[in-house]
Amino acid sequence: MRKCYFALEFQFELSKFVTTSNKTLGVPTHPKQDITNPASVSYEQKSKEDLVQAMDKVDRAIAKVESEINRIQKKKTQLEESAKMPPEPEKSASSPQRVEPKHRDLWQVIYAENRKKAEAARVVLDGLCPRYDMPLYNQPCDTKVYQQNLKKNEEMRPKLLKFFKHRSKLQNIRERYICARYDQLMQQWNNKAERIENSVKKKAKDAKTREYFEKLFPEIRKQREQQERVDRVGTRGDSCRSDADFAQIVDGLSEQENQLNHMRQLAVVPPMLLDRDEQRVRFISTNGFIREPFKDFKESQQLDSWAEQEKIIFKEKFVLHPKNFNLIASFIEKKSVADCILYYYLTKKTNNYKALVRKQSMKPKKPKSGRSHVRTFDNFLPNLGFPWSCLVNGFSSEPLHMEK
């Protein structure tokens, strides 16, 4: 009875599965047809083949799901076992164990020692602050300090712009005041100079001085008369008596213009006066500063450091090589070129080196090897079997010498 029940249940489930698989696979359902009809038989075979393929597909899906479930269960058991085991001590990442080769070169030994020292120093630093394995930021703009600086800049920027504008405005006002004050003082000075130039005493004194110098230098008088002639012709207006007067006027005007341009090129515009804030800033250079110049000067004047032998060597070598202090210093061990130059200028008045050099140059030069200073008549006259000097000296034993 139980077997029949299970058979009927299996048949019901199978029919239910077939209907669902047909719906999913798109197989159309048709009413039962007659078995004796061959068309109906072929259709039943085709439906059975589709059913078998669908069942195979379902079986493969079921197997795949079961394998995935088994894999997940295995992984779950492995994780549970690893969780039950005691935790292993973590290895410090700062000092990883390195396998050093047996045979190393000198640079490898030095590199390994430096690495060990660096790791030891890093351990000390790790105790001072918390360690960060990951980088704190990828770009500098990612940090909080950078963002805080941007906010401060946005807050301070309008204040700074306002301050600089106000300062530039005050500076322009100050420059205009200084320029106006300069023009006022310049006008006062011009009026005072004009008043002094037009005074009777000044004109009389200038005339007396001019007469004195014109007597000594007639060229000054000619130049003055020519200038007066040009000025006199220029005051007449456009009327010129001749072409010579016109050429003279043109030359005088061109000369005045050239002088004016030359004076403008030589003139230098003075800088503006500094305000109080700028006057506080000062730069005092101490380059070449000598704290005790008199002491240094006295030490440089001392000649006691020169031994007698060194003085003799200096005098001898200076006579042979005048003012060649590089060569002279090479013969004196404890003296430099600067010491030799200083000694020369301190003793040139007492030793009179020029006279010694002149005396050395006036000495006769030594003869070259293989030649004699004295020549006899026998060297110039023909060979007669006896010396010609015997005829002159009466056959004396001393030859007649003739200087070169």
# chains A, B, ... in the order shown; residues from 1 in each chain; ligands from 1
$ residues_around --residues "Cys340 (chain A)" --least-positions-apart "3" --cutoff "9 Å" --atoms "only C-alpha atoms" --output "ChimeraX atom specification"
/A:314,325-326,328-329,335-337,343-345
$ write_last_selection --atoms "all heavy atoms" --output "mmCIF file, in the first residue's frame"
data_model
loop_
_atom_site.group_PDB
_atom_site.id
_atom_site.type_symbol
_atom_site.label_atom_id
_atom_site.label_comp_id
_atom_site.auth_asym_id
_atom_site.auth_seq_id
_atom_site.Cartn_x
_atom_site.Cartn_y
_atom_site.Cartn_z
ATOM 1 N N PHE A 314 117.865 87.127 -0.011
ATOM 2 C CA PHE A 314 116.938 87.990 -0.733
ATOM 3 C C PHE A 314 117.686 89.012 -1.576
ATOM 4 O O PHE A 314 117.334 89.257 -2.735
ATOM 5 C CB PHE A 314 116.019 88.697 0.267
ATOM 6 C CG PHE A 314 115.047 89.638 -0.381
ATOM 7 C CD1 PHE A 314 113.843 89.166 -0.883
ATOM 8 C CD2 PHE A 314 115.326 90.990 -0.491
ATOM 9 C CE1 PHE A 314 112.950 90.026 -1.481
ATOM 10 C CE2 PHE A 314 114.440 91.853 -1.087
ATOM 11 C CZ PHE A 314 113.243 91.374 -1.588
ATOM 12 N N PHE A 325 109.411 88.167 -7.630
ATOM 13 C CA PHE A 325 109.221 87.731 -6.252
ATOM 14 C C PHE A 325 108.795 86.270 -6.142
ATOM 15 O O PHE A 325 109.051 85.632 -5.127
ATOM 16 C CB PHE A 325 108.196 88.639 -5.554
ATOM 17 C CG PHE A 325 108.648 90.067 -5.451
ATOM 18 C CD1 PHE A 325 108.100 91.041 -6.272
ATOM 19 C CD2 PHE A 325 109.635 90.431 -4.559
ATOM 20 C CE1 PHE A 325 108.519 92.361 -6.181
ATOM 21 C CE2 PHE A 325 110.061 91.748 -4.451
ATOM 22 C CZ PHE A 325 109.504 92.710 -5.272
ATOM 23 N N ASN A 326 108.151 85.761 -7.167
ATOM 24 C CA ASN A 326 107.804 84.331 -7.142
ATOM 25 C C ASN A 326 109.060 83.460 -7.117
ATOM 26 O O ASN A 326 109.160 82.494 -6.352
ATOM 27 C CB ASN A 326 106.947 83.977 -8.354
ATOM 28 C CG ASN A 326 105.562 84.566 -8.278
ATOM 29 O OD1 ASN A 326 104.979 84.609 -7.207
ATOM 30 N ND2 ASN A 326 105.037 85.039 -9.397
ATOM 31 N N ILE A 328 112.103 84.537 -6.240
ATOM 32 C CA ILE A 328 112.884 84.844 -5.038
ATOM 33 C C ILE A 328 112.341 84.088 -3.833
ATOM 34 O O ILE A 328 113.089 83.558 -3.012
ATOM 35 C CB ILE A 328 112.892 86.362 -4.791
ATOM 36 C CG1 ILE A 328 113.631 87.083 -5.927
ATOM 37 C CG2 ILE A 328 113.542 86.693 -3.452
ATOM 38 C CD1 ILE A 328 113.481 88.586 -5.909
ATOM 39 N N ALA A 329 110.997 84.019 -3.708
ATOM 40 C CA ALA A 329 110.394 83.311 -2.573
ATOM 41 C C ALA A 329 110.662 81.822 -2.606
ATOM 42 O O ALA A 329 110.656 81.160 -1.566
ATOM 43 C CB ALA A 329 108.888 83.562 -2.545
ATOM 44 N N LYS A 335 109.394 82.034 3.861
ATOM 45 C CA LYS A 335 108.803 83.293 3.430
ATOM 46 C C LYS A 335 107.958 83.062 2.187
ATOM 47 O O LYS A 335 108.339 82.291 1.294
ATOM 48 C CB LYS A 335 109.891 84.334 3.136
ATOM 49 C CG LYS A 335 110.782 84.640 4.328
ATOM 50 C CD LYS A 335 109.995 85.186 5.492
ATOM 51 C CE LYS A 335 110.882 85.413 6.717
ATOM 52 N NZ LYS A 335 110.105 85.869 7.873
ATOM 53 N N SER A 336 106.825 83.770 2.156
ATOM 54 C CA SER A 336 105.936 83.690 1.014
ATOM 55 C C SER A 336 106.199 84.848 0.059
ATOM 56 O O SER A 336 107.042 85.723 0.319
ATOM 57 C CB SER A 336 104.477 83.711 1.484
ATOM 58 O OG SER A 336 104.204 84.931 2.149
ATOM 59 N N VAL A 337 105.445 84.865 -1.028
ATOM 60 C CA VAL A 337 105.609 85.933 -2.014
ATOM 61 C C VAL A 337 105.184 87.272 -1.403
ATOM 62 O O VAL A 337 105.832 88.303 -1.633
ATOM 63 C CB VAL A 337 104.776 85.610 -3.265
ATOM 64 C CG1 VAL A 337 104.911 86.726 -4.295
ATOM 65 C CG2 VAL A 337 105.214 84.283 -3.872
ATOM 66 N N TYR A 343 108.790 93.051 2.347
ATOM 67 C CA TYR A 343 110.179 93.322 2.755
ATOM 68 C C TYR A 343 110.870 94.229 1.742
ATOM 69 O O TYR A 343 111.657 95.106 2.121
ATOM 70 C CB TYR A 343 110.928 91.993 2.895
ATOM 71 C CG TYR A 343 112.365 92.157 3.283
ATOM 72 C CD1 TYR A 343 112.733 92.408 4.607
ATOM 73 C CD2 TYR A 343 113.379 92.075 2.330
ATOM 74 C CE1 TYR A 343 114.064 92.576 4.957
ATOM 75 C CE2 TYR A 343 114.702 92.241 2.672
ATOM 76 C CZ TYR A 343 115.051 92.488 3.994
ATOM 77 O OH TYR A 343 116.366 92.665 4.336
ATOM 78 N N TYR A 344 110.573 94.064 0.460
ATOM 79 C CA TYR A 344 111.203 94.897 -0.570
ATOM 80 C C TYR A 344 110.791 96.360 -0.408
ATOM 81 O O TYR A 344 111.636 97.270 -0.437
ATOM 82 C CB TYR A 344 110.816 94.385 -1.953
ATOM 83 C CG TYR A 344 111.128 95.356 -3.058
ATOM 84 C CD1 TYR A 344 112.444 95.566 -3.467
ATOM 85 C CD2 TYR A 344 110.115 96.086 -3.674
ATOM 86 C CE1 TYR A 344 112.736 96.472 -4.474
ATOM 87 C CE2 TYR A 344 110.391 96.984 -4.684
ATOM 88 C CZ TYR A 344 111.707 97.178 -5.074
ATOM 89 O OH TYR A 344 111.999 98.082 -6.063
ATOM 90 N N TYR A 345 109.478 96.610 -0.218
ATOM 91 C CA TYR A 345 109.023 97.995 -0.128
ATOM 92 C C TYR A 345 109.407 98.648 1.198
ATOM 93 O O TYR A 345 109.460 99.885 1.291
ATOM 94 C CB TYR A 345 107.509 98.060 -0.320
ATOM 95 C CG TYR A 345 107.114 97.929 -1.773
ATOM 96 C CD1 TYR A 345 106.571 96.749 -2.259
ATOM 97 C CD2 TYR A 345 107.300 98.978 -2.658
ATOM 98 C CE1 TYR A 345 106.212 96.619 -3.598
ATOM 99 C CE2 TYR A 345 106.957 98.865 -3.990
ATOM 100 C CZ TYR A 345 106.411 97.683 -4.455
ATOM 101 O OH TYR A 345 106.082 97.569 -5.772
#
